[in-house]
Number of protein chains: 2
Amino acid sequence: MIDVSGKRVPVIATEEHYVIPEFVDASLSAARRAPNDLDGEDLAFFLGHPLGRPWLDPLSDLGEGRLRVMDEAGIDLAVLSLMSPGVQMQEGANALALARHVNDHLADTVRRHPTRFAGLAVFPPQDPAAAAKEVERAIRQLGLCGLVVNSHTHGEYLDDPKFWPIFEATEALDAPIYIHPRNPPNELRRYMSNSRGEKALAGGVWGFQFETSLHAVRLIVSGVFDRFPKLKIVLGHMGEGLPFWLYRLDDMYERGYRRHGKGAAKRLPSEYFADNFVITISGVHDHPLCHPTLSYCCSVIGTERVLFAADHPFSSAKAAAESLRTAPLAHEDIAKIAHENAERVFHLPSVAMQHAAPRDRAREEQAHT
Amino acid sequence: MIDVSGKRVPVIATEEHYVIPEFVDASLSAARRAPNDLDGEDLAFFLGHPLGRPWLDPLSDLGEGRLRVMDEAGIDLAVLSLMSPGVQMQEGANALALARHVNDHLADTVRRHPTRFAGLAVFPPQDPAAAAKEVERAIRQLGLCGLVVNSHTHGEYLDDPKFWPIFEATEALDAPIYIHPRNPPNELRRYMSNSRGEKALAGGVWGFQFETSLHAVRLIVSGVFDRFPKLKIVLGHMGEGLPFWLYRLDDMYERGYRRHGKGAAKRLPSEYFADNFVITISGVHDHPLCHPTLSYCCSVIGTERVLFAADHPFSSAKAAAESLRTAPLAHEDIAKIAHENAERVFHLPSVAMQHAAPRDRAREEQAHT
């Protein structure tokens, strides 16, 4: 809980990353097979290089260390997601096998700490039919609260109808899909590199938002949301810039496409954004420009559609919570962003209710170990 | 002039497009040589198809028709720029020859209507040394007030040091460069197309901002502004999204590059943005989301660095002016955006002063025709 002008507000963090040894091994193998891949280089650093330990250690911690970070920040519940790019660099049956193992492990982690963790399942877009089945298993049987996908899969995007069995499953289950960034396909390496060939634009500086915003716009203009009107997409990093572009997306889609009877999507981009998207503030804190950006996003898309996220361990959980606590918003808006919207979108039990009941973490944990 | 709560405010529009017959012919030839080029298709439509006439006619009008549109909108002075992609689809010596002809013609247009038009010169990045010379001629001899470049040239970006003779010239002349959008290089055609191969993301819907923001970020992280600290860049469309991303550019550049002694740029992205960029509101009006976006940009980068632009004839000049007139900003901030900032950046004579002097447009025009 955080203290907002004297009132205690529960906090749910919705983009919190972790790894397990099987993911580390599989990712390092994939990185070795594709030594020039933009994501492969990042994985080799974070998961395999001694200098990556300050990230690998907290990523690997699904117990006391992570709970301590959450406690220090005032985060009650963390919605966990496997580190990017998840299973999406894997080939063939490996992707499905790894996804199933990861999801089983995550469900187990959530069972150990049911009041502190919830989880987003991974799935292999490489095999859409198997992915749809795994989505159903992860939500129905394992009790995970949504899905995470790390943008493209081998250069392909989810607006391609071949992937739509996945949307059919998530829509039927009312399970949101968090589209997390990864680097653009390697085909675009030159555009992520400076004239000396150094990949100066890859990662969080530009590549992530360049890639993920493209993915979201592809979904919007393709008509995906006419076919799946209840599909729910979560975008991190303040909506990957889309709140800023809604006016122009609408204007240009209307004038360039819809007025001439062209364009697959029946409605305006901002209408889909209002009905099918929520955004999180992951990675957006600890900078003088974050509060104006949060206020702007709230005014443009409404505080009902903005969720808290810390992006642990790639950003500081404490700074993220402090940024929300001091946001220039009304108390009830901060409460929506802190936990109410996440409870609604991910169908989570009320964190405030859990706090109202007597609670003994040590006993609870003993019961599950 | 527009009426802002009872006070008359002069208006300078800074991204106003035109064509001349030689540009139309050269562009249609280039489009025929590259029939699948994303820009080529647009040029063939706007300049060569009967359905493109509603744009071609006002683009071609550099006299009474254009002045009437300006008068109706309350625009005192229009800073003209050749339609995108300018001379940048031309090959070899054609590009320079066309640029020189276009600039001569533009200077002549400005001479005919010195109180109503100013002009941005084009140059051929294809030949950086010749481009630098033409820049100098256009500013010094022809009296044009800045430059316009339409993002990439044959897939290359201005952060490549081979183009830096151009920056050397513009910095020495204190002449701003307006980086106007064009579509991404054709190499990226698949990313601008949906799964049916329709180029659903090209143009103003997404391709323009995807391309132009990439170009601006390339300049920022490459260290161009350490080498040319007085270089001035103008970005349209509310800064092509960059005001929204400054916090993350800073955070990720600092943590991913600078802290490890990497990254070519010495300072933080937002510092260069503050010192080396101004933005215009081109194409951003006539939508309920435009006022929040304008206010947000003003709060993030300051009203000193936001300029009015209508994007005629691709957007309505009247709607643009009305959007500024009714903006939820203080009168003095509207005056800065309406004309003061443009006068400073483009070294234009004060429009308010011209209004103070007796003025007879009919006589003035007769004297120049």
# chains A, B, ... in the order shown; residues from 1 in each chain; ligands from 1
$ residues_around --residues "stretch 34-45 of chain B" --least-positions-apart "4" --cutoff "6 Å" --atoms "only C-alpha atoms" --output "PyMOL selection string"
chain B and resi 49+52+183+186
$ interface_residues --of "chain B" --to "chain A" --cutoff "9 Å" --atoms "only C-alpha atoms" --output "MDAnalysis selection string"
chainID B and resid 157 159:161 187:188 191:196 200:201 203:206 210 214 217:218 221:222 237 240:241 244:253 256:257 263:264 283:290 292:293 295:296 299:300
$ residues_around --residues "stretch 89-105 of chain A" --least-positions-apart "3" --cutoff "9 Å" --atoms "only C-alpha atoms" --output "number ranges by chain"
A: 19-20, 22-23, 26-27, 30-31, 39-40, 82, 85-86, 108-110, 119-127, 130-131, 134, 138, 142, 144, 153-154
$ residues_around --residues "B:Val69" --least-positions-apart "6" --cutoff "12 Å" --atoms "only C-alpha atoms" --output "ChimeraX atom specification"
/B:13,16,58-59,61-63,75-78,116,310,312-313,315-321
$ write_last_selection --atoms "all heavy atoms" --output "short mmCIF file (atom, residue, chain, number, x, y, z; two decimals), in the first residue's frame"
data_model
loop_
_atom_site.label_atom_id
_atom_site.label_comp_id
_atom_site.auth_asym_id
_atom_site.auth_seq_id
_atom_site.Cartn_x
_atom_site.Cartn_y
_atom_site.Cartn_z
N ALA B 13 2.01 30.68 -40.98
CA ALA B 13 1.86 29.23 -41.17
C ALA B 13 3.15 28.68 -41.75
O ALA B 13 3.65 29.21 -42.75
CB ALA B 13 0.68 28.94 -42.09
N GLU B 16 3.50 24.81 -45.44
CA GLU B 16 2.47 25.02 -46.46
C GLU B 16 3.04 24.58 -47.81
O GLU B 16 4.06 25.09 -48.26
CB GLU B 16 2.06 26.50 -46.46
CG GLU B 16 1.82 27.08 -45.05
CD GLU B 16 0.89 26.21 -44.18
OE1 GLU B 16 -0.14 25.74 -44.68
OE2 GLU B 16 1.23 25.98 -42.99
N PRO B 58 -4.95 23.15 -55.60
CA PRO B 58 -4.45 24.12 -54.60
C PRO B 58 -2.93 24.07 -54.43
O PRO B 58 -2.31 25.09 -54.12
CB PRO B 58 -5.17 23.73 -53.31
CG PRO B 58 -5.68 22.36 -53.54
CD PRO B 58 -5.89 22.19 -55.01
N LEU B 59 -2.31 22.89 -54.65
CA LEU B 59 -0.85 22.81 -54.56
C LEU B 59 -0.19 23.68 -55.62
O LEU B 59 0.86 24.28 -55.39
CB LEU B 59 -0.38 21.36 -54.76
CG LEU B 59 -0.47 20.40 -53.56
CD1 LEU B 59 -0.30 18.95 -54.02
CD2 LEU B 59 0.58 20.76 -52.50
N ASP B 61 -1.38 26.38 -57.00
CA ASP B 61 -1.77 27.79 -56.94
C ASP B 61 -0.85 28.58 -56.02
O ASP B 61 -0.83 28.37 -54.81
CB ASP B 61 -3.23 27.87 -56.44
CG ASP B 61 -3.80 29.27 -56.58
OD1 ASP B 61 -3.03 30.25 -56.48
OD2 ASP B 61 -5.02 29.38 -56.79
N LEU B 62 -0.08 29.47 -56.63
CA LEU B 62 0.82 30.32 -55.83
C LEU B 62 0.39 31.78 -55.94
O LEU B 62 1.18 32.70 -55.74
CB LEU B 62 2.27 30.15 -56.29
CG LEU B 62 2.90 28.82 -55.85
CD1 LEU B 62 4.20 28.55 -56.60
CD2 LEU B 62 3.14 28.81 -54.34
N GLY B 63 -0.88 31.98 -56.25
CA GLY B 63 -1.38 33.35 -56.41
C GLY B 63 -2.68 33.56 -55.67
O GLY B 63 -2.79 33.23 -54.48
N ILE B 75 -4.51 33.75 -42.02
CA ILE B 75 -3.06 33.55 -42.10
C ILE B 75 -2.42 34.72 -42.85
O ILE B 75 -2.75 34.98 -44.00
CB ILE B 75 -2.73 32.20 -42.79
CG1 ILE B 75 -3.23 31.04 -41.92
CG2 ILE B 75 -1.24 32.07 -43.07
CD1 ILE B 75 -3.22 29.69 -42.60
N ASP B 76 -1.51 35.41 -42.19
CA ASP B 76 -0.85 36.57 -42.79
C ASP B 76 0.27 36.16 -43.72
O ASP B 76 0.42 36.69 -44.81
CB ASP B 76 -0.30 37.47 -41.68
CG ASP B 76 -1.41 37.99 -40.80
OD1 ASP B 76 -1.79 37.28 -39.84
OD2 ASP B 76 -1.95 39.06 -41.11
N LEU B 77 1.08 35.21 -43.25
CA LEU B 77 2.27 34.83 -44.00
C LEU B 77 2.36 33.30 -44.04
O LEU B 77 2.22 32.64 -43.00
CB LEU B 77 3.52 35.38 -43.29
CG LEU B 77 4.85 35.15 -43.99
CD1 LEU B 77 5.06 36.18 -45.10
CD2 LEU B 77 6.01 35.21 -43.01
N ALA B 78 2.62 32.75 -45.23
CA ALA B 78 2.80 31.31 -45.37
C ALA B 78 4.25 31.01 -45.73
O ALA B 78 4.78 31.60 -46.68
CB ALA B 78 1.87 30.75 -46.43
N ARG B 116 3.35 38.19 -47.94
CA ARG B 116 2.46 37.04 -47.76
C ARG B 116 3.18 35.70 -47.79
O ARG B 116 2.70 34.71 -47.25
CB ARG B 116 1.35 37.03 -48.84
CG ARG B 116 0.53 38.29 -48.94
CD ARG B 116 -0.10 38.70 -47.61
NE ARG B 116 -0.92 37.70 -46.96
CZ ARG B 116 -2.21 37.46 -47.24
NH1 ARG B 116 -2.81 38.15 -48.18
NH2 ARG B 116 -2.89 36.55 -46.57
N ALA B 310 -0.37 24.93 -40.95
CA ALA B 310 -1.68 24.42 -41.36
C ALA B 310 -1.58 23.12 -42.15
O ALA B 310 -2.48 22.31 -42.14
CB ALA B 310 -2.40 25.47 -42.20
N HIS B 312 -1.44 23.02 -45.42
CA HIS B 312 -2.25 23.23 -46.62
C HIS B 312 -1.59 22.58 -47.81
O HIS B 312 -0.38 22.68 -47.96
CB HIS B 312 -2.41 24.74 -46.86
CG HIS B 312 -3.09 25.10 -48.15
ND1 HIS B 312 -4.45 25.05 -48.30
CD2 HIS B 312 -2.60 25.47 -49.37
CE1 HIS B 312 -4.78 25.40 -49.53
NE2 HIS B 312 -3.66 25.67 -50.20
N PRO B 313 -2.28 21.91 -48.72
CA PRO B 313 -3.73 21.71 -48.74
C PRO B 313 -4.14 20.34 -48.18
O PRO B 313 -5.26 19.92 -48.39
CB PRO B 313 -4.04 21.77 -50.24
CG PRO B 313 -2.84 21.12 -50.87
CD PRO B 313 -1.66 21.43 -49.98
N SER B 315 -4.40 19.59 -45.02
CA SER B 315 -5.34 19.84 -43.93
C SER B 315 -5.99 21.19 -44.19
O SER B 315 -5.48 21.99 -44.98
CB SER B 315 -4.60 19.87 -42.59
OG SER B 315 -4.20 18.58 -42.22
N SER B 316 -7.06 21.46 -43.51
CA SER B 316 -7.79 22.71 -43.71
C SER B 316 -7.12 23.84 -42.95
O SER B 316 -6.96 23.80 -41.73
CB SER B 316 -9.23 22.54 -43.22
OG SER B 316 -9.76 23.79 -42.82
N ALA B 317 -6.72 24.90 -43.69
CA ALA B 317 -6.07 26.06 -43.07
C ALA B 317 -7.02 26.73 -42.08
O ALA B 317 -6.61 27.17 -41.00
CB ALA B 317 -5.64 27.05 -44.15
N LYS B 318 -8.29 26.77 -42.43
CA LYS B 318 -9.29 27.41 -41.59
C LYS B 318 -9.43 26.67 -40.27
O LYS B 318 -9.46 27.28 -39.19
CB LYS B 318 -10.62 27.43 -42.35
CG LYS B 318 -11.47 28.62 -42.06
CD LYS B 318 -12.62 28.71 -43.07
CE LYS B 318 -13.63 29.75 -42.60
NZ LYS B 318 -14.67 29.95 -43.61
N ALA B 319 -9.52 25.35 -40.36
CA ALA B 319 -9.67 24.55 -39.14
C ALA B 319 -8.42 24.66 -38.28
O ALA B 319 -8.50 24.70 -37.04
CB ALA B 319 -9.94 23.09 -39.50
N ALA B 320 -7.25 24.73 -38.92
CA ALA B 320 -6.00 24.86 -38.17
C ALA B 320 -5.97 26.16 -37.38
O ALA B 320 -5.66 26.19 -36.18
CB ALA B 320 -4.81 24.78 -39.12
N ALA B 321 -6.33 27.25 -38.05
CA ALA B 321 -6.31 28.56 -37.40
C ALA B 321 -7.35 28.61 -36.28
O ALA B 321 -7.10 29.16 -35.20
CB ALA B 321 -6.57 29.65 -38.43
#
$ residues_around --residues "A:Val9" --least-positions-apart "2" --cutoff "12 Å" --atoms "only C-alpha atoms" --output "VMD selection string"
chain A and resid 1 to 7 11 to 12 74 to 76 321 324 to 325 331 to 340 350 to 353 355
$ select_by_dssp --residues "stretch 3-105 of chain A" --states "strand (DSSP E or B)" --output "VMD selection string"
chain A and resid 3 to 4 7 to 9 12 to 18 77 to 82
$ select_by_dssp --residues "stretch 191-272 of chain A" --states "helix (DSSP H, G or I)" --output "PyMOL selection string"
chain A and resi 191-192+203-205+207-222+224-227+237-240+242-256+258-260+269-272
$ write_last_selection --atoms "N, CA and C atoms" --output "short mmCIF file (atom, residue, chain, number, x, y, z; two decimals), in the first residue's frame"
data_model
loop_
_atom_site.label_atom_id
_atom_site.label_comp_id
_atom_site.auth_asym_id
_atom_site.auth_seq_id
_atom_site.Cartn_x
_atom_site.Cartn_y
_atom_site.Cartn_z
N TYR A 191 18.13 -0.07 -39.62
CA TYR A 191 17.39 1.10 -39.14
C TYR A 191 17.57 1.32 -37.64
N MET A 192 18.03 0.29 -36.95
CA MET A 192 18.31 0.39 -35.52
C MET A 192 19.78 0.70 -35.26
N GLY A 203 16.55 -1.48 -28.49
CA GLY A 203 16.15 -1.52 -27.08
C GLY A 203 15.23 -0.38 -26.69
N GLY A 204 15.26 -0.06 -25.39
CA GLY A 204 14.31 0.90 -24.83
C GLY A 204 14.49 2.32 -25.32
N VAL A 205 15.66 2.64 -25.90
CA VAL A 205 15.85 4.00 -26.42
C VAL A 205 14.85 4.29 -27.53
N GLY A 207 14.01 1.27 -30.31
CA GLY A 207 13.57 0.05 -30.99
C GLY A 207 12.31 -0.55 -30.40
N PHE A 208 12.22 -0.58 -29.08
CA PHE A 208 11.07 -1.20 -28.42
C PHE A 208 9.77 -0.51 -28.79
N GLN A 209 9.75 0.81 -28.70
CA GLN A 209 8.50 1.52 -28.96
C GLN A 209 8.20 1.58 -30.46
N PHE A 210 9.23 1.66 -31.28
CA PHE A 210 9.12 1.61 -32.75
C PHE A 210 8.42 0.32 -33.16
N GLU A 211 8.83 -0.78 -32.55
CA GLU A 211 8.30 -2.10 -32.85
C GLU A 211 6.89 -2.30 -32.29
N THR A 212 6.70 -1.96 -31.03
CA THR A 212 5.45 -2.31 -30.35
C THR A 212 4.30 -1.41 -30.79
N SER A 213 4.61 -0.14 -31.04
CA SER A 213 3.55 0.76 -31.54
C SER A 213 3.13 0.33 -32.94
N LEU A 214 4.10 -0.09 -33.75
CA LEU A 214 3.76 -0.62 -35.08
C LEU A 214 2.80 -1.80 -34.96
N HIS A 215 3.10 -2.70 -34.04
CA HIS A 215 2.26 -3.89 -33.85
C HIS A 215 0.84 -3.48 -33.49
N ALA A 216 0.72 -2.54 -32.55
CA ALA A 216 -0.61 -2.11 -32.10
C ALA A 216 -1.39 -1.45 -33.25
N VAL A 217 -0.70 -0.61 -34.04
CA VAL A 217 -1.39 0.05 -35.16
C VAL A 217 -1.82 -0.98 -36.21
N ARG A 218 -0.98 -1.99 -36.43
CA ARG A 218 -1.35 -3.07 -37.37
C ARG A 218 -2.67 -3.71 -36.92
N LEU A 219 -2.77 -4.02 -35.63
CA LEU A 219 -4.01 -4.65 -35.13
C LEU A 219 -5.20 -3.71 -35.36
N ILE A 220 -5.00 -2.43 -35.08
CA ILE A 220 -6.10 -1.46 -35.17
C ILE A 220 -6.62 -1.32 -36.60
N VAL A 221 -5.72 -1.16 -37.57
CA VAL A 221 -6.19 -0.89 -38.93
C VAL A 221 -6.59 -2.16 -39.69
N SER A 222 -6.27 -3.33 -39.12
CA SER A 222 -6.52 -4.57 -39.86
C SER A 222 -7.95 -5.09 -39.71
N VAL A 224 -9.03 -6.48 -36.84
CA VAL A 224 -9.02 -7.52 -35.81
C VAL A 224 -10.15 -7.29 -34.80
N PHE A 225 -10.37 -6.02 -34.44
CA PHE A 225 -11.34 -5.74 -33.36
C PHE A 225 -12.79 -5.71 -33.86
N ASP A 226 -12.98 -5.72 -35.18
CA ASP A 226 -14.34 -5.92 -35.70
C ASP A 226 -14.69 -7.40 -35.57
N ARG A 227 -13.71 -8.24 -35.83
CA ARG A 227 -13.92 -9.69 -35.73
C ARG A 227 -13.98 -10.13 -34.27
N HIS A 237 4.49 1.12 -21.11
CA HIS A 237 5.19 2.36 -21.47
C HIS A 237 4.23 3.43 -21.97
N MET A 238 3.18 3.68 -21.13
CA MET A 238 2.18 4.72 -21.44
C MET A 238 1.53 4.50 -22.80
N GLY A 239 1.30 3.23 -23.13
CA GLY A 239 0.59 2.95 -24.37
C GLY A 239 1.47 3.04 -25.61
N GLU A 240 2.79 2.94 -25.39
CA GLU A 240 3.76 2.92 -26.49
C GLU A 240 3.56 4.10 -27.45
N LEU A 242 0.82 5.58 -28.38
CA LEU A 242 -0.43 5.68 -29.14
C LEU A 242 -1.38 6.77 -28.65
N PRO A 243 -1.47 7.02 -27.32
CA PRO A 243 -2.37 8.10 -26.91
C PRO A 243 -2.04 9.43 -27.62
N PHE A 244 -0.76 9.66 -27.87
CA PHE A 244 -0.32 10.88 -28.56
C PHE A 244 -0.78 10.92 -30.01
N TRP A 245 -0.92 9.77 -30.63
CA TRP A 245 -1.17 9.70 -32.06
C TRP A 245 -2.62 9.45 -32.44
N LEU A 246 -3.50 9.32 -31.46
CA LEU A 246 -4.89 8.95 -31.78
C LEU A 246 -5.56 9.94 -32.73
N TYR A 247 -5.30 11.26 -32.49
CA TYR A 247 -5.94 12.26 -33.35
C TYR A 247 -5.56 12.05 -34.80
N ARG A 248 -4.25 11.77 -35.02
CA ARG A 248 -3.79 11.69 -36.41
C ARG A 248 -4.17 10.35 -37.04
N LEU A 249 -4.14 9.30 -36.22
CA LEU A 249 -4.62 8.00 -36.71
C LEU A 249 -6.06 8.14 -37.19
N ASP A 250 -6.90 8.79 -36.39
CA ASP A 250 -8.30 8.99 -36.78
C ASP A 250 -8.41 9.82 -38.05
N ASP A 251 -7.74 10.96 -38.04
CA ASP A 251 -7.85 11.90 -39.15
C ASP A 251 -7.41 11.24 -40.45
N MET A 252 -6.27 10.59 -40.43
CA MET A 252 -5.71 10.02 -41.65
C MET A 252 -6.44 8.74 -42.07
N TYR A 253 -6.89 7.97 -41.07
CA TYR A 253 -7.66 6.76 -41.43
C TYR A 253 -8.98 7.17 -42.07
N GLU A 254 -9.63 8.17 -41.49
CA GLU A 254 -10.92 8.64 -42.01
C GLU A 254 -10.75 9.19 -43.43
N ARG A 255 -9.76 10.07 -43.61
CA ARG A 255 -9.64 10.75 -44.89
C ARG A 255 -8.97 9.89 -45.96
N GLY A 256 -8.01 9.04 -45.51
CA GLY A 256 -7.25 8.27 -46.49
C GLY A 256 -7.92 6.95 -46.84
N ARG A 258 -11.33 5.38 -44.95
CA ARG A 258 -12.75 5.11 -44.74
C ARG A 258 -13.65 5.90 -45.69
N ARG A 259 -13.28 7.16 -45.94
CA ARG A 259 -14.11 8.00 -46.81
C ARG A 259 -14.18 7.43 -48.22
N HIS A 260 -13.15 6.65 -48.61
CA HIS A 260 -13.12 6.08 -49.96
C HIS A 260 -13.54 4.61 -49.95
N PRO A 269 -9.69 4.47 -35.41
CA PRO A 269 -8.67 3.96 -34.49
C PRO A 269 -8.94 4.32 -33.02
N SER A 270 -9.33 5.56 -32.75
CA SER A 270 -9.52 5.94 -31.34
C SER A 270 -10.70 5.19 -30.71
N GLU A 271 -11.65 4.76 -31.51
CA GLU A 271 -12.78 4.00 -30.96
C GLU A 271 -12.31 2.61 -30.52
N TYR A 272 -11.46 1.97 -31.32
CA TYR A 272 -10.91 0.69 -30.88
C TYR A 272 -10.02 0.88 -29.66
#
$ closest_residue --among "A:Ile139, A:Arg33, A:Leu348, A:Ala172" --to "A:Phe117" --atoms "only C-alpha atoms"
A:Leu348
$ atom_distance --atom1 "atom CA of B:Pro185" --atom2 "atom CA of B:Lys232"
24.6 Å
$ decode --residues "stretch 26-34 of chain B" --atoms "all heavy atoms" --output "mmCIF file, in the first residue's frame"
data_model
loop_
_atom_site.group_PDB
_atom_site.id
_atom_site.type_symbol
_atom_site.label_atom_id
_atom_site.label_comp_id
_atom_site.auth_asym_id
_atom_site.auth_seq_id
_atom_site.Cartn_x
_atom_site.Cartn_y
_atom_site.Cartn_z
ATOM 1 N N ALA B 26 8.880 15.657 -63.068
ATOM 2 C CA ALA B 26 10.006 14.866 -62.568
ATOM 3 C C ALA B 26 9.525 13.794 -61.587
ATOM 4 O O ALA B 26 10.040 12.671 -61.566
ATOM 5 C CB ALA B 26 11.031 15.781 -61.890
ATOM 6 N N SER B 27 8.521 14.131 -60.781
ATOM 7 C CA SER B 27 8.029 13.181 -59.782
ATOM 8 C C SER B 27 7.249 12.051 -60.438
ATOM 9 O O SER B 27 7.376 10.888 -60.049
ATOM 10 C CB SER B 27 7.143 13.896 -58.763
ATOM 11 O OG SER B 27 7.908 14.868 -58.079
ATOM 12 N N LEU B 28 6.452 12.385 -61.454
ATOM 13 C CA LEU B 28 5.707 11.335 -62.149
ATOM 14 C C LEU B 28 6.665 10.403 -62.886
ATOM 15 O O LEU B 28 6.442 9.187 -62.931
ATOM 16 C CB LEU B 28 4.673 11.952 -63.099
ATOM 17 C CG LEU B 28 3.475 12.618 -62.398
ATOM 18 C CD1 LEU B 28 2.574 13.314 -63.411
ATOM 19 C CD2 LEU B 28 2.672 11.596 -61.584
ATOM 20 N N SER B 29 7.763 10.961 -63.422
ATOM 21 C CA SER B 29 8.777 10.106 -64.066
ATOM 22 C C SER B 29 9.400 9.178 -63.038
ATOM 23 O O SER B 29 9.557 7.976 -63.280
ATOM 24 C CB SER B 29 9.893 10.949 -64.681
ATOM 25 O OG SER B 29 9.401 11.736 -65.715
ATOM 26 N N ALA B 30 9.768 9.733 -61.884
ATOM 27 C CA ALA B 30 10.383 8.907 -60.834
ATOM 28 C C ALA B 30 9.407 7.831 -60.374
ATOM 29 O O ALA B 30 9.802 6.680 -60.141
ATOM 30 C CB ALA B 30 10.802 9.789 -59.655
ATOM 31 N N ALA B 31 8.133 8.190 -60.255
ATOM 32 C CA ALA B 31 7.120 7.221 -59.824
ATOM 33 C C ALA B 31 6.975 6.103 -60.848
ATOM 34 O O ALA B 31 6.804 4.935 -60.484
ATOM 35 C CB ALA B 31 5.789 7.926 -59.594
ATOM 36 N N ARG B 32 7.084 6.455 -62.136
ATOM 37 C CA ARG B 32 6.979 5.424 -63.180
ATOM 38 C C ARG B 32 8.186 4.490 -63.151
ATOM 39 O O ARG B 32 8.061 3.296 -63.370
ATOM 40 C CB ARG B 32 6.861 6.076 -64.568
ATOM 41 C CG ARG B 32 5.413 6.436 -64.938
ATOM 42 C CD ARG B 32 5.302 6.822 -66.421
ATOM 43 N NE ARG B 32 6.084 8.004 -66.754
ATOM 44 C CZ ARG B 32 5.616 9.267 -66.659
ATOM 45 N NH1 ARG B 32 4.384 9.486 -66.262
ATOM 46 N NH2 ARG B 32 6.385 10.282 -66.992
ATOM 47 N N ARG B 33 9.357 5.064 -62.830
ATOM 48 C CA ARG B 33 10.570 4.227 -62.766
ATOM 49 C C ARG B 33 10.527 3.283 -61.572
ATOM 50 O O ARG B 33 11.186 2.256 -61.559
ATOM 51 C CB ARG B 33 11.823 5.115 -62.646
ATOM 52 C CG ARG B 33 12.229 5.794 -63.934
ATOM 53 C CD ARG B 33 13.642 6.383 -63.847
ATOM 54 N NE ARG B 33 13.828 7.321 -62.743
ATOM 55 C CZ ARG B 33 13.561 8.635 -62.819
ATOM 56 N NH1 ARG B 33 13.095 9.157 -63.939
ATOM 57 N NH2 ARG B 33 13.761 9.413 -61.780
ATOM 58 N N ALA B 34 9.807 3.650 -60.499
ATOM 59 C CA ALA B 34 9.730 2.832 -59.284
ATOM 60 C C ALA B 34 8.256 2.592 -58.949
ATOM 61 O O ALA B 34 7.721 3.167 -58.010
ATOM 62 C CB ALA B 34 10.442 3.543 -58.136
#
